[in-house]
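To start, the structure under review is shown below, and the notes come after it.
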Amino acid sequence: MNLTGKLVIAPPSVRGNFWQKTVVYVTENHARGSMGIVVNKKSKMTIREFAKQCGMECNVDGYVYVGGPVNTKAVTLLHSSEWNCSNTMHINNEFSISSSQDVIPRLALGDRPNKWRLILGLCAWAPDQLENELKGTPPYNHDFSWLTATPSQHTVFDFDGQEQWTQSIEQSGLEFVQTVLA
């Protein structure tokens with residue numbers, strides 16, 4: 001199963017670490033491994049503060065999100081697909097990611113996607129690692145396997161934190177039931 005464009009959600013059994021109550025949007029899933037970005041962990045840093053640290057002015061409301069424990073200085077804009085910049089990867093008709101030096105200046109000028117989230121850091125898995133975590137293949141434990149769900153822009157951009165995690169788990173359960181009853 002190709003997980004690109006899907007959510008992987010930490011189950012309630014995951015506790016006491018970075019992954020607790022985490023929702024990850026998978027941006028790449030192929031033979032070379034998988035990548036994604038956490039979408040529900042809002043940092044305390046505002047977009048204005050972040051832009052100022054980068055030597056720019058950006059009078060935009062909102063917060064920077066913690067995208068994962070890998071490459072924590074990497075800036076990614078997860079956004080609706082009607083917008084693009086010089087380095088945009090379209091994931092599907094609803095979601096794209098962009099990582100370019102012109103993202104923050106364009107946001108500051110009001111050139112923004114309809115829906116978006118500014119994220120620092122990412123998640124990465126070795127080849128087959130994410131799939132093995134999902135299956136609970138040793139050394140991974142099935143009790144801690146990720147849940148999966150199809151994201152909507154509403155779930156990804158309109159919720160944060162535990163509420164987004166709960167919404168994502170509910171979507172995963174609904175999809176599971178629909179598969180069983182099909």
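Convention: chains lettered A, B, ... in structure tokens order; per-chain residue numbering from 1; ligands numbered from 1 as shown.
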
What are the nearest atom pairs, with distances in Å to one decimal, for all residues of stretch 115-158 of chain A that come at most 10 Å from stretch 87-100 of chain A, using only C-alpha atoms, set out by chain and rising residue number as a Markdown table?
| residue | atom | partner | partner_atom | distance |
| --- | --- | --- | --- | --- |
| A:Lys115 | CA | A:Phe95 | CA | 9.3 |
| A:Trp116 | CA | A:Ile97 | CA | 9.3 |
| A:Arg117 | CA | A:Ile97 | CA | 9.7 |
| A:Leu118 | CA | A:Ser98 | CA | 9.7 |
| A:Ile119 | CA | A:Ser99 | CA | 9.8 |
| A:Pro151 | CA | A:Glu94 | CA | 9.3 |
| A:Ser152 | CA | A:Glu94 | CA | 8.0 |
| A:Gln153 | CA | A:Glu94 | CA | 7.1 |
| A:Val156 | CA | A:Phe95 | CA | 9.8 |

If we count only C-alpha atoms, what is near stretch 127-142 of chain A at a cut-off of 6 Å, once residues fewer than 2 positions away on the same chain are taken out, given as a PyMOL selection string?
chain A and resi 31-33+125+144-146

Selection export as an mmCIF file, in the first residue's frame, atoms kept: C-alpha atoms:
data_model
loop_
_atom_site.group_PDB
_atom_site.id
_atom_site.type_symbol
_atom_site.label_atom_id
_atom_site.label_comp_id
_atom_site.auth_asym_id
_atom_site.auth_seq_id
_atom_site.Cartn_x
_atom_site.Cartn_y
_atom_site.Cartn_z
ATOM 1 C CA ALA A 31 11.467 1.926 -2.193
ATOM 2 C CA ARG A 32 14.057 4.401 -0.837
ATOM 3 C CA GLY A 33 12.039 5.001 2.350
ATOM 4 C CA TRP A 125 11.850 6.117 7.748
ATOM 5 C CA PHE A 144 2.256 0.347 18.920
ATOM 6 C CA SER A 145 1.480 0.188 15.172
ATOM 7 C CA TRP A 146 0.433 3.364 13.424
#

Using DSSP secondary structure from the backbone, list all strand (DSSP E or B) positions within stretch 25-170 of chain A, as a ChimeraX atom specification.
/A:25-30,33-38,42-46,63-66,70-80,88-90,95-98,116-125,147-149

Enumerate the residues of chain A with a DSSP assignment of alpha helix (DSSP H), computed from the backbone, and present them as a ChimeraX atom specification.
/A:47-53,103-108,129-135,153-158,161-181

Could you pull the residues within 9 Å of stretch 38-46 of chain A, counting only C-alpha atoms, minus those fewer than 5 positions along the same chain, as number ranges by chain?
A: 21-26, 51, 60-68, 78, 117, 119, 121-123, 156-157, 159-165

Quick one: residues within 7 Å of A:Ala149, only C-alpha atoms counted, chain neighbours fewer than 4 positions away excluded, as a list of chain:residue names?
A:Lys6, A:Leu7, A:Val8, A:Ser168, A:Gln171, A:Ser172

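The nearest approach to A:Ser80 among the residues A:Arg106, A:Arg15, A:His154, A:His30, with only C-alpha atoms taken into account, belongs to A:His154.
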
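We find atom CA of A:Phe18 and atom CA of A:Ile47 to be spaced 22.4 Å apart.
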
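Going from atom CA of A:Lys73 over to atom CA of A:Ala126, you cover 20.3 Å.
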
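You will find atom CA of A:Val180 at 22.1 Å from atom CA of A:Gly5.
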
Would you kindly return, as a PDB file with N, CA and C atoms, in the first residue's frame, each protein, DNA or RNA residue with an atom no farther than 8 Å from any atom of A:Ala108, considering only C-alpha atoms and excluding same-chain residues fewer than 3 positions away?
ATOM      1  N   GLU A  57      10.738  40.378   7.785  1.00  0.00           N
ATOM      2  CA  GLU A  57       9.499  40.847   8.394  1.00  0.00           C
ATOM      3  C   GLU A  57       8.353  40.053   7.783  1.00  0.00           C
ATOM      4  N   CYS A  58       7.464  39.562   8.625  1.00  0.00           N
ATOM      5  CA  CYS A  58       6.305  38.812   8.139  1.00  0.00           C
ATOM      6  C   CYS A  58       5.175  39.020   9.136  1.00  0.00           C
ATOM      7  N   ASN A  59       4.302  39.942   8.832  1.00  0.00           N
ATOM      8  CA  ASN A  59       3.210  40.298   9.728  1.00  0.00           C
ATOM      9  C   ASN A  59       2.017  39.363   9.481  1.00  0.00           C
ATOM     10  N   VAL A  60       2.240  38.088   9.759  1.00  0.00           N
ATOM     11  CA  VAL A  60       1.233  37.056   9.532  1.00  0.00           C
ATOM     12  C   VAL A  60       0.937  36.370  10.854  1.00  0.00           C
ATOM     13  N   ILE A 104       8.537  32.554   2.899  1.00  0.00           N
ATOM     14  CA  ILE A 104       8.198  33.540   3.928  1.00  0.00           C
ATOM     15  C   ILE A 104       7.986  34.938   3.316  1.00  0.00           C
ATOM     16  N   PRO A 105       8.860  35.394   2.411  1.00  0.00           N
ATOM     17  CA  PRO A 105       8.567  36.700   1.785  1.00  0.00           C
ATOM     18  C   PRO A 105       7.223  36.718   1.043  1.00  0.00           C
ATOM     19  N   ASP A 111       0.768  36.737  -0.578  1.00  0.00           N
ATOM     20  CA  ASP A 111       0.681  35.697  -1.612  1.00  0.00           C
ATOM     21  C   ASP A 111       0.715  34.354  -0.889  1.00  0.00           C
TER      22      ASP A 111
END

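In this comparison, which uses only C-alpha atoms, the residue of A:Gly173, A:Gly36, A:Gly16, A:Pro113 approaching A:Val70 most closely is A:Gly36.
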